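This is model-v8.cif (mmCIF, C-alpha atoms).
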```cif
data_structure
loop_
_atom_site.label_atom_id
_atom_site.label_comp_id
_atom_site.auth_asym_id
_atom_site.auth_seq_id
_atom_site.Cartn_x
_atom_site.Cartn_y
_atom_site.Cartn_z
CA MET A 284 0.00 0.00 0.00
CA THR A 285 1.40 3.35 -1.02
CA PRO A 286 1.60 6.24 1.50
CA ARG A 287 -1.14 8.03 -0.41
CA HIS A 288 -3.51 5.06 -0.17
CA ALA A 289 -2.60 4.60 3.49
CA LEU A 290 -3.51 8.24 4.15
CA ARG A 291 -6.89 7.76 2.50
CA VAL A 292 -7.63 4.64 4.53
CA ALA A 293 -6.56 6.42 7.70
CA SER A 294 -8.82 9.37 6.88
CA LEU A 295 -11.85 7.09 6.45
CA ALA A 296 -11.00 5.09 9.56
CA GLY A 297 -10.64 8.30 11.57
CA ALA A 298 -14.05 9.55 10.44
CA LEU A 299 -15.69 6.23 11.38
CA GLY A 300 -13.90 6.22 14.71
CA LEU A 301 -15.12 9.73 15.50
CA TRP A 302 -18.66 8.70 14.52
CA GLN A 303 -18.48 5.67 16.83
CA LEU A 304 -17.20 7.80 19.69
CA LEU A 305 -19.83 10.54 19.36
CA THR A 306 -22.75 8.12 19.04
CA SER A 307 -21.65 5.67 21.74
CA LEU A 308 -21.24 8.55 24.22
CA ASP A 309 -24.60 10.09 23.21
CA VAL A 310 -23.03 13.49 22.65
CA ASN A 311 -25.77 16.11 22.59
CA LEU A 312 -24.34 19.57 22.10
CA TRP A 313 -25.38 21.80 19.19
CA LEU A 314 -25.42 18.64 17.04
CA ARG A 315 -27.39 15.77 18.54
CA PHE A 316 -25.88 12.31 18.18
CA GLU A 317 -27.94 10.58 20.85
CA GLN A 318 -30.41 9.16 18.32
CA PHE A 319 -27.80 8.29 15.71
CA PRO A 320 -26.98 4.59 15.35
CA THR A 321 -23.41 3.64 16.08
CA VAL A 322 -21.05 2.30 13.43
CA THR A 323 -21.28 -1.16 14.97
CA ASP A 324 -25.10 -1.08 14.80
CA ILE A 325 -24.97 -0.13 11.14
CA ALA A 326 -22.36 -2.79 10.39
CA ARG A 327 -24.52 -5.42 12.14
CA THR A 328 -27.59 -4.38 10.15
CA PHE A 329 -25.61 -4.34 6.93
CA GLY A 330 -24.43 -7.89 7.56
CA GLN A 331 -28.01 -9.02 8.10
CA ARG A 332 -29.24 -7.24 4.95
CA ALA A 333 -26.35 -8.50 2.80
CA GLY A 334 -27.32 -12.06 3.64
CA SER A 335 -30.89 -11.61 2.40
CA GLY A 336 -32.32 -11.72 -1.10
CA PRO A 337 -34.35 -8.45 -1.00
CA TYR A 338 -31.19 -6.36 -0.44
CA TRP A 339 -29.53 -7.63 -3.59
CA GLN A 340 -32.78 -7.38 -5.53
CA ASP A 341 -33.10 -3.71 -4.58
CA LEU A 342 -29.48 -3.12 -5.53
CA THR A 343 -29.96 -4.82 -8.89
CA ASP A 344 -33.12 -2.81 -9.62
CA SER A 345 -31.43 0.53 -8.89
CA LEU A 346 -28.36 -0.40 -10.94
CA THR A 347 -30.53 -1.47 -13.86
CA ARG A 348 -32.34 1.87 -13.84
CA ILE A 349 -29.08 3.81 -13.66
CA VAL A 350 -27.36 1.86 -16.42
CA THR A 351 -30.38 2.10 -18.72
CA GLY A 352 -31.09 5.79 -18.21
CA PHE A 353 -27.46 6.86 -18.15
CA SER A 354 -26.57 4.87 -21.28
CA LEU A 355 -29.44 6.41 -23.23
CA ALA A 356 -28.55 9.88 -21.94
CA SER A 357 -24.89 9.42 -22.90
CA VAL A 358 -25.70 8.55 -26.51
CA ALA A 359 -28.38 11.22 -26.87
CA GLY A 360 -26.38 13.90 -25.06
CA VAL A 361 -23.28 13.42 -27.20
CA ALA A 362 -25.33 13.31 -30.41
CA VAL A 363 -27.44 16.39 -29.62
CA GLY A 364 -24.52 18.37 -28.22
CA THR A 365 -22.42 17.68 -31.31
CA ALA A 366 -25.30 18.55 -33.63
CA ILE A 367 -25.97 21.86 -31.88
CA ALA A 368 -22.28 22.78 -31.90
CA ARG A 369 -21.76 22.02 -35.59
CA SER A 370 -25.12 22.82 -37.19
CA ARG A 371 -26.74 26.24 -37.11
CA LEU A 372 -30.07 24.65 -38.05
CA ALA A 373 -29.91 22.22 -35.13
CA ALA A 374 -28.93 25.05 -32.78
CA ASP A 375 -31.91 27.14 -33.91
CA LEU A 376 -34.40 24.26 -33.71
CA LEU A 377 -33.26 22.46 -30.56
CA GLY A 378 -31.35 25.14 -28.66
CA PRO A 379 -34.30 27.24 -27.41
CA ILE A 380 -36.31 24.19 -26.32
CA LEU A 381 -33.41 22.64 -24.44
CA GLU A 382 -32.44 25.90 -22.75
CA VAL A 383 -35.99 26.27 -21.44
CA LEU A 384 -36.08 22.69 -20.16
CA ARG A 385 -32.54 22.60 -18.75
CA PRO A 386 -33.16 24.63 -15.55
CA ILE A 387 -36.03 22.34 -14.51
CA PRO A 388 -34.77 19.83 -11.91
CA ALA A 389 -35.18 16.28 -13.14
CA ILE A 390 -36.87 15.25 -9.90
CA ALA A 391 -39.57 17.88 -10.57
CA LEU A 392 -40.56 15.79 -13.60
CA VAL A 393 -41.94 12.99 -11.42
CA PRO A 394 -45.58 14.10 -11.97
CA VAL A 395 -44.90 14.31 -15.71
CA ALA A 396 -43.40 10.81 -15.70
CA ILE A 397 -46.39 9.43 -13.78
CA LEU A 398 -48.81 10.92 -16.31
CA LEU A 399 -46.74 10.15 -19.39
CA PHE A 400 -45.55 6.57 -18.90
CA PRO A 401 -47.71 3.51 -18.23
CA SER A 402 -45.43 2.13 -15.48
CA ASN A 403 -43.35 3.54 -12.64
CA GLU A 404 -40.30 1.69 -13.96
CA GLN A 405 -40.33 3.56 -17.27
CA GLY A 406 -40.96 6.84 -15.45
CA ILE A 407 -37.94 6.39 -13.17
CA VAL A 408 -35.72 5.54 -16.15
CA PHE A 409 -37.00 8.68 -17.87
CA ILE A 410 -36.08 10.81 -14.84
CA THR A 411 -32.63 9.21 -14.73
CA PHE A 412 -32.19 9.88 -18.44
CA THR A 413 -33.20 13.54 -18.06
CA ALA A 414 -30.84 14.05 -15.12
CA ALA A 415 -27.80 12.83 -17.08
CA PHE A 416 -28.75 14.18 -20.51
CA PHE A 417 -28.24 17.89 -19.90
CA PRO A 418 -24.75 17.74 -18.29
CA VAL A 419 -23.56 15.49 -21.12
CA MET A 420 -25.17 17.64 -23.81
CA VAL A 421 -23.81 20.93 -22.48
CA SER A 422 -20.29 19.56 -21.94
CA THR A 423 -20.24 18.04 -25.43
CA ARG A 424 -21.47 21.27 -27.00
CA HIS A 425 -18.77 23.35 -25.32
CA ALA A 426 -16.04 20.79 -26.04
CA VAL A 427 -16.87 20.62 -29.75
CA ARG A 428 -17.07 24.40 -30.10
CA ALA A 429 -13.69 24.77 -28.37
CA LEU A 430 -11.86 22.64 -30.95
CA THR A 431 -9.38 24.50 -33.11
CA PRO A 432 -10.55 24.67 -36.75
CA VAL A 433 -7.03 23.93 -38.01
CA TRP A 434 -7.49 20.21 -37.41
CA GLU A 435 -10.70 20.08 -39.39
CA GLU A 436 -9.21 22.12 -42.21
CA ALA A 437 -6.24 19.77 -42.38
CA VAL A 438 -8.48 16.72 -42.86
CA LEU A 439 -10.61 18.50 -45.46
CA THR A 440 -7.49 19.61 -47.32
CA MET A 441 -6.35 15.99 -47.58
CA GLY A 442 -9.71 15.01 -49.10
CA GLY A 443 -11.50 13.81 -45.99
CA SER A 444 -15.28 13.95 -45.85
CA ARG A 445 -17.42 15.61 -43.20
CA TRP A 446 -18.06 12.23 -41.60
CA ARG A 447 -14.32 11.58 -41.54
CA VAL A 448 -13.83 14.89 -39.79
CA LEU A 449 -16.50 13.96 -37.26
CA GLY A 450 -15.00 10.55 -36.50
CA SER A 451 -11.31 11.48 -36.69
CA VAL A 452 -11.20 15.03 -35.32
CA VAL A 453 -14.38 16.22 -33.62
CA LEU A 454 -15.30 13.30 -31.36
CA PRO A 455 -11.72 12.35 -30.36
CA GLY A 456 -10.84 15.98 -29.70
CA ALA A 457 -13.95 16.52 -27.59
CA LEU A 458 -13.53 13.35 -25.51
CA PRO A 459 -12.05 15.07 -22.43
CA GLY A 460 -14.98 17.47 -22.28
CA ILE A 461 -17.48 14.70 -22.99
CA PHE A 462 -16.20 12.58 -20.11
CA GLY A 463 -16.32 15.61 -17.85
CA GLY A 464 -20.04 15.78 -18.58
CA LEU A 465 -20.42 12.03 -18.11
CA SER A 466 -18.78 12.23 -14.67
CA VAL A 467 -21.21 14.96 -13.61
CA GLY A 468 -24.15 13.17 -15.22
CA ILE A 469 -23.64 9.88 -13.38
CA GLY A 470 -23.63 11.67 -10.03
CA VAL A 471 -26.78 13.65 -10.81
CA SER A 472 -28.42 10.46 -12.08
CA TRP A 473 -27.93 8.74 -8.74
CA ILE A 474 -29.42 11.70 -6.88
CA CYS A 475 -32.51 11.67 -9.07
CA VAL A 476 -33.05 7.92 -9.30
CA ILE A 477 -32.91 7.55 -5.53
CA SER A 478 -35.31 10.48 -5.08
CA ALA A 479 -37.67 9.04 -7.71
CA GLU A 480 -37.61 5.64 -5.99
CA MET A 481 -38.50 7.30 -2.70
CA ILE A 482 -41.42 9.19 -4.27
CA SER A 483 -42.95 6.74 -6.71
CA GLY A 484 -40.89 3.56 -6.72
CA GLU A 485 -42.02 0.16 -5.57
CA TYR A 486 -38.56 -1.29 -5.02
CA GLY A 487 -34.92 -0.24 -5.21
CA VAL A 488 -32.37 1.14 -2.76
CA GLY A 489 -34.13 4.50 -2.49
CA TYR A 490 -37.51 2.90 -1.87
CA ARG A 491 -36.08 0.59 0.80
CA THR A 492 -34.27 3.47 2.53
CA TRP A 493 -37.48 5.49 2.72
CA GLN A 494 -39.40 2.48 4.04
CA ASP A 495 -36.81 2.07 6.79
CA TYR A 496 -37.26 5.72 7.72
CA THR A 497 -41.05 5.41 7.95
CA VAL A 498 -40.74 2.51 10.43
CA VAL A 499 -37.98 4.34 12.38
CA ASP A 500 -35.31 1.79 11.47
CA TYR A 501 -32.38 4.21 11.56
CA PRO A 502 -29.61 1.60 11.15
CA GLY A 503 -31.44 0.45 8.00
CA VAL A 504 -31.57 4.04 6.75
CA PHE A 505 -27.81 4.38 7.12
CA VAL A 506 -27.28 1.02 5.43
CA GLY A 507 -29.24 2.40 2.48
CA MET A 508 -27.19 5.60 2.50
CA ALA A 509 -23.93 3.66 2.60
CA THR A 510 -25.13 1.46 -0.26
CA ILE A 511 -26.03 4.50 -2.35
CA GLY A 512 -22.64 6.07 -1.67
CA LEU A 513 -20.79 2.87 -2.58
CA LEU A 514 -22.76 2.40 -5.80
CA GLY A 515 -22.22 6.02 -6.77
CA TRP A 516 -18.49 5.75 -6.13
CA LEU A 517 -18.18 2.53 -8.14
CA THR A 518 -20.08 3.89 -11.16
CA SER A 519 -18.22 7.23 -11.09
CA THR A 520 -14.90 5.39 -10.90
CA ALA A 521 -15.92 3.20 -13.85
CA VAL A 522 -16.71 6.29 -15.95
CA GLU A 523 -13.41 7.91 -14.95
CA LEU A 524 -11.36 4.80 -15.76
CA LEU A 525 -13.09 4.46 -19.14
CA GLY A 526 -12.33 8.11 -19.86
CA ARG A 527 -8.65 7.64 -19.01
CA ARG A 528 -8.46 4.57 -21.22
CA LEU A 529 -10.04 6.31 -24.20
CA THR A 530 -7.87 9.42 -23.82
CA ARG A 531 -4.51 7.73 -23.29
CA TRP A 532 -3.17 9.65 -26.27
CA LEU A 533 -3.49 12.94 -24.39
CA PRO A 534 -0.34 14.33 -22.72
CA ARG A 535 -0.30 13.71 -18.99
CA THR A 536 1.08 16.22 -16.51
CA GLU A 537 3.19 14.79 -13.73
CA SER A 538 3.52 16.44 -10.36
CA ALA A 539 7.00 17.42 -9.31
CA PRO A 540 8.42 18.47 -5.93
CA PRO A 541 8.96 22.20 -5.36
CA GLY A 542 12.09 23.56 -7.04
CA ARG A 543 12.11 20.92 -9.78
CA VAL A 544 10.53 20.58 -13.19
CA ALA A 545 8.63 17.39 -14.03
CA PRO A 546 10.86 15.21 -16.26
CA ARG A 547 10.03 15.02 -19.92
CA ARG A 548 9.39 11.69 -21.49
CA GLY A 549 12.70 10.21 -22.42
CA GLY A 550 14.74 13.02 -20.86
CA PRO A 551 16.26 13.75 -17.45
CA ALA A 552 14.73 16.15 -14.98
CA ARG A 553 15.96 19.73 -15.11
CA GLU A 554 16.71 21.72 -12.00
CA ARG A 555 14.85 25.01 -11.75
CA VAL A 556 17.46 27.68 -11.25
CA PRO A 557 16.39 30.34 -8.71
CA ALA A 558 16.28 33.92 -9.94
CA GLY A 559 19.41 35.98 -9.34
CA THR A 560 21.88 33.07 -9.41
#
```

As structure tokens:
Amino acid sequence: MTPRHALRVASLAGALGLWQLLTSLDVNLWLRFEQFPTVTDIARTFGQRAGSGPYWQDLTDSLTRIVTGFSLASVAGVAVGTAIARSRLAADLLGPILEVLRPIPAIALVPVAILLFPSNEQGIVFITFTAAFFPVMVSTRHAVRALTPVWEEAVLTMGGSRWRVLGSVVLPGALPGIFGGLSVGIGVSWICVISAEMISGEYGVGYRTWQDYTVVDYPGVFVGMATIGLLGWLTSTAVELLGRRLTRWLPRTESAPPGRVAPRRGGPARERVPAGT
């Protein structure tokens, strides 16, 4: 284990230890910890839930909704964002509608989803899709517009078609910005899918967490919260790792200690000479 990883583990362990101390002593100052479950209570409840079928069924249902809605939003967001950035007609037709809809929180569309779709499942996927679509679309639009036109002109000069420009210049060049939007979108998707499950769902991690709250099962509530956090971290990490893999051709900056310059690839490090010497 590297020192950096050890520091992260120690940070998490310290936070859990402080939680255990405050709750076991029933500290009740400005913040009230007397009704909070201890870490050991939550761990015991988590062990009981993890050994039951309904826990894994709820987890599978929430993951299925996220993967479905986020995948659809990724494809649609990249396509619409690219079209708006490169086509004046698309910008005039779609831009005003999307800019009016974009400020509306996705969770506010729950009544619309209930009225529009025949089942709660489709409505929750729709809310998840909407939550991820706008961050991906906006990031893609800005990333495509920020590309230097020299690259496109070079491909056209060598006889490349517009589709060749799109596949060889536009999309690869915009990948860092696209994955920035995907990273934001997956986080917003989790917020909205859990909220939708609490409001109108019949199963899922959000639904189960709300049910635990209604029956005053606070350890179960925190088990649900921990599960949501873990799922969000895993999916965000997966998006980040995919982004790094697809953008390996980009130059990477390496951190260097103060007073030194990061070594170039294939060359030795150069000392930074202080001014006045």

Nearest-residue call for Pro320 in chain A, choices A:Met508, A:Gly526, A:Trp302, A:Arg531, using only C-alpha atoms: A:Trp302

If I take CA of Val395 in chain A and CA of Thr413 in chain A, how far is one from the other in Å, to one decimal? 12.0 Å

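Once the PyMOL selection byres ((chain A and resi 332) around 12) is applied to this file, the selection holds Ile325, Ala326, Arg327, Thr328, Phe329, Gly330, Gln331, Ala333, Gly334, Ser335, Gly336, Pro337, Tyr338, Trp339, Gln340, Asp341, Leu342, Val488, Arg491, Pro502, Gly503, Val504, Phe505, Val506, Gly507 and Thr510 of chain A.
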
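Around Val421 in chain A, within 9 Å and counting only C-alpha atoms, the residues found are A:Gly360, A:Val361, A:Gly364, A:Ile461, A:Gly464, once anything fewer than 6 positions away on its own chain is removed.
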
Emit the selected residues as a PDB file, in the coordinates of the input, including C-alpha atoms.
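Printed below is again_13.pdb as written:
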```
ATOM      1  CA  GLY A 360     -26.380  13.900 -25.060  1.00  0.00           C
ATOM      2  CA  VAL A 361     -23.280  13.420 -27.200  1.00  0.00           C
ATOM      3  CA  GLY A 364     -24.520  18.370 -28.220  1.00  0.00           C
ATOM      4  CA  ILE A 461     -17.480  14.700 -22.990  1.00  0.00           C
ATOM      5  CA  GLY A 464     -20.040  15.780 -18.580  1.00  0.00           C
TER       6      GLY A 464
END
```

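Between CA of Gly463 in chain A and CA of Thr520 in chain A there is a distance of 12.4 Å.
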
Taking the file above as input, evaluate the PyMOL selection byres ((chain A and resi 393) around 8) and report the hits as a PyMOL selection string. chain A and resi 389-392+394-397+406-407+410+479+483

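Between CA of Trp516 in chain A and CA of Val476 in chain A lies a distance of 15.1 Å.
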
Please provide the set of residues having any atom within 12 Å of range 382-385 of chain A, restricted to only C-alpha atoms, with same-chain residues fewer than 2 positions apart removed, written as number ranges by chain. A: 367, 374-380, 387-389, 391-392, 413-421

Of the residues A:Val498, A:Val427, A:Leu301, A:Val408, which is the one nearest to Val363 in chain A, using all atoms listed in the file? A:Val427

Range 369-371 of chain A: which residues within 12 Å, counting only C-alpha atoms, same-chain residues fewer than 5 positions away excluded, as a list of chain:residue names? A:Ala362, A:Val363, A:Gly364, A:Leu376, A:Leu377, A:Gly378, A:Thr423, A:Arg424, A:His425, A:Ala426, A:Val427, A:Arg428, A:Ala429, A:Leu430, A:Pro432, A:Glu435, A:Arg445, A:Val448, A:Leu449, A:Val453, A:Leu454

Please produce a file of those selected residues containing C-alpha atoms, as a CSV table (one decimal), keeping the file's coordinate frame.
```
chain,number,residue,atom,x,y,z
A,362,ALA,CA,-25.3,13.3,-30.4
A,363,VAL,CA,-27.4,16.4,-29.6
A,364,GLY,CA,-24.5,18.4,-28.2
A,376,LEU,CA,-34.4,24.3,-33.7
A,377,LEU,CA,-33.3,22.5,-30.6
A,378,GLY,CA,-31.4,25.1,-28.7
A,423,THR,CA,-20.2,18.0,-25.4
A,424,ARG,CA,-21.5,21.3,-27.0
A,425,HIS,CA,-18.8,23.4,-25.3
A,426,ALA,CA,-16.0,20.8,-26.0
A,427,VAL,CA,-16.9,20.6,-29.8
A,428,ARG,CA,-17.1,24.4,-30.1
A,429,ALA,CA,-13.7,24.8,-28.4
A,430,LEU,CA,-11.9,22.6,-31.0
A,432,PRO,CA,-10.6,24.7,-36.8
A,435,GLU,CA,-10.7,20.1,-39.4
A,445,ARG,CA,-17.4,15.6,-43.2
A,448,VAL,CA,-13.8,14.9,-39.8
A,449,LEU,CA,-16.5,14.0,-37.3
A,453,VAL,CA,-14.4,16.2,-33.6
A,454,LEU,CA,-15.3,13.3,-31.4
```

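Here the PyMOL selection byres ((chain A and resi 306) around 9) catches exactly these residues: Leu301, Trp302, Gln303, Leu304, Leu305, Ser307, Leu308, Asp309, Val310, Arg315, Phe316, Glu317, Gln318, Phe319, Pro320, Thr321 and Val322 of chain A.
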
Which residue out of A:Trp313, A:Glu404, A:Pro459, A:Thr365 has the minimum interatomic distance to Glu485 in chain A when all atoms listed in the file are used? A:Glu404

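For the choices A:Phe412, A:Cys475, A:Val467, A:Trp446, the atom-to-atom distance to Val358 in chain A is smallest for A:Phe412 when using only C-alpha atoms.
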